[in-house]
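Participant: One file: final.cif (mmCIF, C-alpha atoms).
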data_structure
#
loop_
_atom_site.label_atom_id
_atom_site.label_comp_id
_atom_site.auth_asym_id
_atom_site.auth_seq_id
_atom_site.Cartn_x
_atom_site.Cartn_y
_atom_site.Cartn_z
CA MET A 1 2.04 -9.09 -20.39
CA THR A 2 -0.69 -11.11 -18.76
CA GLN A 3 -1.08 -10.27 -15.10
CA PRO A 4 -1.03 -13.28 -12.76
CA SER A 5 -4.36 -14.18 -11.24
CA PRO A 6 -4.65 -13.93 -7.47
CA ILE A 7 -4.50 -17.26 -5.70
CA PRO A 8 -7.74 -17.79 -3.78
CA ALA A 9 -7.64 -19.04 -0.22
CA SER A 10 -7.95 -22.82 -0.02
CA PRO A 11 -10.67 -24.45 2.10
CA SER A 12 -7.99 -25.40 4.65
CA GLU A 13 -6.83 -21.79 4.87
CA GLN A 14 -10.39 -20.63 5.29
CA ASP A 15 -10.94 -23.21 8.05
CA HIS A 16 -7.73 -22.11 9.77
CA ALA A 17 -8.77 -18.47 9.61
CA ALA A 18 -12.08 -19.28 11.26
CA ARG A 19 -10.42 -21.30 14.03
CA ALA A 20 -7.73 -18.68 14.59
CA ALA A 21 -10.27 -15.89 14.88
CA ALA A 22 -12.04 -17.83 17.62
CA GLU A 23 -8.91 -18.38 19.73
CA PRO A 24 -8.43 -16.07 22.74
CA PRO A 25 -5.34 -13.81 22.84
CA LEU A 26 -2.16 -15.17 24.37
CA PRO A 27 -2.03 -14.36 28.11
CA ASP A 28 0.34 -11.54 29.07
CA ALA A 29 0.94 -13.17 32.46
CA ALA A 30 2.19 -16.43 30.95
CA ASP A 31 5.54 -17.93 31.89
CA PRO A 32 7.29 -17.80 28.48
CA ILE A 33 9.24 -21.02 29.08
CA ALA A 34 6.03 -22.84 30.01
CA LEU A 35 4.30 -21.34 26.97
CA PHE A 36 7.17 -22.51 24.76
CA ALA A 37 6.85 -26.00 26.24
CA GLU A 38 3.14 -26.00 25.41
CA TRP A 39 3.76 -24.92 21.83
CA PHE A 40 6.63 -27.39 21.45
CA GLU A 41 4.40 -30.29 22.52
CA ALA A 42 1.82 -29.21 19.94
CA ALA A 43 4.56 -29.04 17.30
CA LYS A 44 5.77 -32.55 18.11
CA ALA A 45 2.24 -33.81 17.44
CA SER A 46 1.79 -31.75 14.28
CA GLU A 47 5.06 -31.25 12.40
CA ILE A 48 6.03 -33.87 9.81
CA ASN A 49 9.79 -33.56 10.37
CA ASP A 50 12.04 -32.22 13.13
CA PRO A 51 9.75 -30.15 15.35
CA ASN A 52 12.95 -29.30 17.26
CA GLY A 53 14.57 -27.80 14.17
CA MET A 54 15.60 -24.19 14.69
CA ALA A 55 17.58 -21.54 12.85
CA VAL A 56 20.62 -20.35 14.81
CA ALA A 57 21.94 -16.91 13.86
CA THR A 58 25.41 -15.72 14.85
CA ALA A 59 27.77 -13.04 13.49
CA ASP A 60 31.35 -13.26 12.28
CA ALA A 61 34.25 -10.99 13.27
CA ASP A 62 33.13 -8.38 10.73
CA GLY A 63 29.58 -8.40 12.06
CA LEU A 64 28.23 -10.23 9.00
CA PRO A 65 25.27 -12.41 10.08
CA ASP A 66 25.39 -16.15 9.60
CA VAL A 67 22.50 -18.58 10.04
CA ARG A 68 21.90 -22.32 9.80
CA MET A 69 19.43 -24.96 10.92
CA VAL A 70 20.29 -27.12 13.94
CA LEU A 71 18.32 -29.28 16.36
CA LEU A 72 17.26 -28.15 19.82
CA LYS A 73 18.34 -30.83 22.28
CA ASP A 74 17.15 -29.42 25.61
CA PHE A 75 15.46 -26.40 27.11
CA ASP A 76 14.51 -25.20 30.57
CA ALA A 77 14.48 -21.95 32.53
CA ARG A 78 18.24 -21.63 31.95
CA GLY A 79 17.94 -21.55 28.17
CA PHE A 80 17.90 -23.48 24.86
CA THR A 81 20.69 -25.98 24.18
CA PHE A 82 22.23 -27.40 21.01
CA TYR A 83 25.44 -29.33 20.36
CA THR A 84 28.10 -28.94 17.68
CA ASN A 85 31.76 -28.99 16.76
CA THR A 86 33.27 -26.03 18.60
CA GLU A 87 35.71 -25.48 15.70
CA SER A 88 32.86 -25.10 13.19
CA ALA A 89 31.86 -21.72 11.78
CA LYS A 90 29.26 -21.18 14.48
CA GLY A 91 31.66 -22.32 17.18
CA VAL A 92 34.32 -19.85 16.03
CA GLU A 93 31.74 -17.06 15.75
CA LEU A 94 30.34 -17.77 19.21
CA ALA A 95 33.84 -17.76 20.69
CA ALA A 96 34.36 -14.22 19.37
CA ASN A 97 30.82 -12.97 19.96
CA PRO A 98 28.90 -15.17 22.43
CA GLN A 99 25.43 -13.99 21.45
CA ALA A 100 22.84 -15.63 19.23
CA ALA A 101 19.27 -15.59 18.00
CA LEU A 102 17.03 -18.61 17.43
CA LEU A 103 13.95 -19.05 15.30
CA PHE A 104 11.45 -21.90 15.51
CA HIS A 105 8.93 -22.01 12.65
CA TRP A 106 6.15 -24.58 12.90
CA LYS A 107 4.40 -24.34 9.55
CA SER A 108 1.68 -26.85 10.41
CA LEU A 109 0.63 -24.70 13.38
CA ARG A 110 1.33 -21.34 11.71
CA ARG A 111 3.35 -20.30 14.72
CA GLN A 112 6.90 -19.19 15.34
CA VAL A 113 9.07 -18.35 18.34
CA ARG A 114 12.10 -16.06 18.32
CA VAL A 115 14.75 -16.19 21.05
CA ARG A 116 17.66 -13.77 21.59
CA GLY A 117 20.36 -13.68 24.22
CA PRO A 118 23.93 -14.39 25.31
CA VAL A 119 25.41 -17.84 24.83
CA GLU A 120 27.26 -20.02 27.34
CA ARG A 121 28.92 -23.41 27.03
CA VAL A 122 27.27 -26.32 28.79
CA THR A 123 29.22 -28.13 31.49
CA GLU A 124 31.60 -30.96 30.65
CA ALA A 125 29.24 -33.36 32.43
CA GLU A 126 26.28 -32.22 30.35
CA ALA A 127 28.26 -32.56 27.11
CA ASP A 128 29.53 -36.03 28.11
CA ALA A 129 26.04 -37.23 29.00
CA TYR A 130 24.49 -36.07 25.76
CA PHE A 131 27.35 -37.39 23.62
CA ALA A 132 26.99 -40.80 25.29
CA SER A 133 23.30 -40.85 24.32
CA ARG A 134 24.02 -40.39 20.60
CA ALA A 135 24.03 -43.22 18.08
CA ARG A 136 27.47 -44.76 17.67
CA SER A 137 27.65 -43.72 14.01
CA SER A 138 26.99 -40.11 15.05
CA GLN A 139 29.70 -40.34 17.70
CA ILE A 140 32.23 -41.52 15.12
CA GLY A 141 31.04 -38.84 12.72
CA ALA A 142 31.84 -36.18 15.32
CA TRP A 143 35.47 -37.35 15.26
CA ALA A 144 35.66 -37.76 11.48
CA SER A 145 34.21 -34.43 10.35
CA ASP A 146 36.25 -31.22 10.36
CA GLN A 147 32.97 -29.34 10.33
CA SER A 148 32.76 -26.19 8.15
CA ARG A 149 36.26 -26.70 6.71
CA PRO A 150 37.06 -27.63 3.08
CA THR A 151 37.30 -31.25 1.95
CA SER A 152 38.57 -32.60 -1.35
CA ASP A 153 35.55 -34.83 -1.94
CA ARG A 154 32.98 -37.05 -0.25
CA LEU A 155 35.38 -39.99 -0.29
CA ALA A 156 37.75 -38.13 2.07
CA LEU A 157 35.00 -37.95 4.69
CA GLU A 158 34.02 -41.59 4.24
CA LYS A 159 37.67 -42.62 4.58
CA ARG A 160 37.97 -40.71 7.87
CA VAL A 161 34.77 -42.33 9.15
CA ALA A 162 36.22 -45.78 8.37
CA GLU A 163 39.51 -44.89 10.08
CA TYR A 164 37.83 -43.78 13.31
CA ALA A 165 35.46 -46.74 13.27
CA LEU A 166 38.53 -49.00 13.12
CA LYS A 167 40.32 -46.98 15.81
CA PHE A 168 37.51 -47.30 18.36
CA GLY A 169 36.51 -50.84 17.36
CA VAL A 170 33.67 -52.05 19.55
CA GLY A 171 34.75 -50.03 22.57
CA ARG A 172 33.31 -46.82 23.96
CA VAL A 173 33.65 -43.74 21.76
CA PRO A 174 34.79 -40.81 23.94
CA ARG A 175 33.57 -37.28 23.33
CA PRO A 176 35.98 -35.31 21.13
CA PRO A 177 37.60 -32.34 22.91
CA HIS A 178 36.30 -30.09 20.11
CA TRP A 179 32.65 -31.11 20.51
CA SER A 180 30.31 -29.60 23.10
CA GLY A 181 27.04 -27.80 23.67
CA TYR A 182 25.90 -24.20 23.74
CA ARG A 183 23.04 -22.74 25.74
CA VAL A 184 21.29 -19.61 24.50
CA VAL A 185 20.20 -17.77 27.64
CA PRO A 186 17.03 -15.92 26.65
CA GLN A 187 16.73 -12.22 27.26
CA ALA A 188 13.86 -11.93 24.80
CA LEU A 189 11.27 -14.42 23.54
CA GLU A 190 8.67 -13.50 20.95
CA PHE A 191 5.63 -15.67 20.28
CA TRP A 192 4.06 -15.14 16.84
CA ARG A 193 0.70 -16.63 15.91
CA ASP A 194 -1.04 -16.40 12.56
CA ARG A 195 -4.26 -14.40 12.46
CA PRO A 196 -6.71 -13.61 9.63
CA PHE A 197 -5.98 -10.71 7.25
CA ARG A 198 -2.29 -10.73 8.32
CA LEU A 199 -3.23 -9.14 11.65
CA HIS A 200 -0.93 -11.58 13.42
CA GLU A 201 -0.47 -11.79 17.16
CA ARG A 202 2.99 -10.96 18.56
CA LEU A 203 3.66 -11.29 22.28
CA VAL A 204 7.19 -10.51 23.52
CA PHE A 205 8.76 -11.27 26.90
CA THR A 206 11.99 -9.50 27.87
CA LYS A 207 14.20 -9.35 30.95
CA ARG A 208 17.08 -7.07 31.88
CA ALA A 209 19.26 -9.72 33.53
CA THR A 210 19.36 -13.39 34.48
CA GLY A 211 17.01 -13.98 37.37
CA ALA A 212 14.98 -10.84 36.70
CA ALA A 213 11.23 -11.01 36.09
CA TRP A 214 9.88 -11.23 32.57
CA THR A 215 8.19 -8.12 31.16
CA PRO A 216 5.50 -8.80 28.55
CA SER A 217 4.60 -6.46 25.69
CA ARG A 218 2.62 -6.69 22.49
CA LEU A 219 3.76 -5.63 19.02
CA PHE A 220 1.84 -4.53 15.99
CA PRO A 221 2.00 -7.22 13.27
#
Just give me the structure as structure tokens.
Facilitator:
Amino acid sequence: MTQPSPIPASPSEQDHAARAAAEPPLPDAADPIALFAEWFEAAKASEINDPNGMAVATADADGLPDVRMVLLKDFDARGFTFYTNTESAKGVELAANPQAALLFHWKSLRRQVRVRGPVERVTEAEADAYFASRARSSQIGAWASDQSRPTSDRLALEKRVAEYALKFGVGRVPRPPHWSGYRVVPQALEFWRDRPFRLHERLVFTKRATGAAWTPSRLFP
């Protein structure tokens, strides 16, 4: 059998390696939330689609991991927030085990950020405010979709969308009682940055409790 030929590094990869080698190490004394904000701004300028896309990992009642892509909608010192149907698979899993892990992967920057911690529901006011900011079609979709549950076919969903569109007419669409937001409260954040020869940089910030100081540490790649 013919052995595959190694794929040589492209000129862009070679250029990236040279630039990466010249960058100084990430500062241990950085505020991890401020560092995330800096990286997120760079991602918004660089990523082609959804720089706020993130993988959300939860676990079911048997401890089997589950993961899916969602969109980050807000972040601050309190944590990282996303919104969903609370009766969806992730909503049910978070009700039983309110802990989660997040992963941001920005391929254009060759960077990723991992977040782990307990999960809390946002306030009713926060959920109402965000729901009101959504496009009307998305608001109706939140009522029409029994997220994560079986459906007979696509037509069944489209029929429900039409029914709710008729129900609300041109008036305000209220937030469904089964739709809200979750905030992942970080207890650990890891910043990963590509480096030549797979000697990547990994800087981790951890804290023992909410309000405690962050403790930085570095990991071998």
Participant: Given the point (10.9, -12.0, 28.1) in the file's coordinates, find the residues that have an atom at most 8 Å from it, counting all atoms listed in the file, and give them as a count of residues only.
Facilitator: 13
Participant: Neighbouring residues of Val184 (chain A) were defined as those with any atom within 8 Å, considering all atoms listed in the file; residues of the same chain fewer than 4 positions away were excluded. Please report them as a list in words.
Facilitator: Gly79, Phe80, Thr81, Gln99, Ala100, Ala101, Arg116, Gly117, Pro118, Val119 and Glu120 of chain A
Participant: Kindly resolve the PyMOL selection byres ((chain A and resi 75) around 10) on the present coordinates and return the residues as an MDAnalysis selection string.
Facilitator: chainID A and resid 33 36:37 72:74 76:82 183:185
Participant: Please expand the PyMOL selection byres ((chain A and resi 159-162) around 9) into the concrete residues it hits in this file, giving the result as a PyMOL selection string.
Facilitator: chain A and resi 137+140-141+143-145+154-158+163-167
Participant: Quick one: which residues end up in the PyMOL selection byres ((chain A and resi 111) around 6) for this structure, as number ranges by chain?
Facilitator: A: 106, 109-110, 112, 192-193
Participant: Please compute the CA of Ala43 (chain A)-CA of Arg121 (chain A) distance, one decimal, in Å.
Facilitator: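 Going from CA of Ala43 (chain A) over to CA of Arg121 (chain A) covers 26.8 Å.
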Participant: For CA of Leu35 (chain A) and CA of Ala55 (chain A), determine how far apart the two atoms are, in Å to one decimal place.
Facilitator: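 If I compute the distance from CA of Leu35 (chain A) to CA of Ala55 (chain A), I get 19.4 Å.
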Participant: Which one is closest to Pro176 (chain A): A:Ala142, A:Leu71, A:Ala61, A:Leu103? Count only C-alpha atoms.
Facilitator: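 Of all the options, A:Ala142 lies closest to Pro176 (chain A).
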Participant: Report, in Å to a single decimal, how far apart CA of Phe191 (chain A) and CA of Asp66 (chain A) are.
Facilitator: 22.5 Å
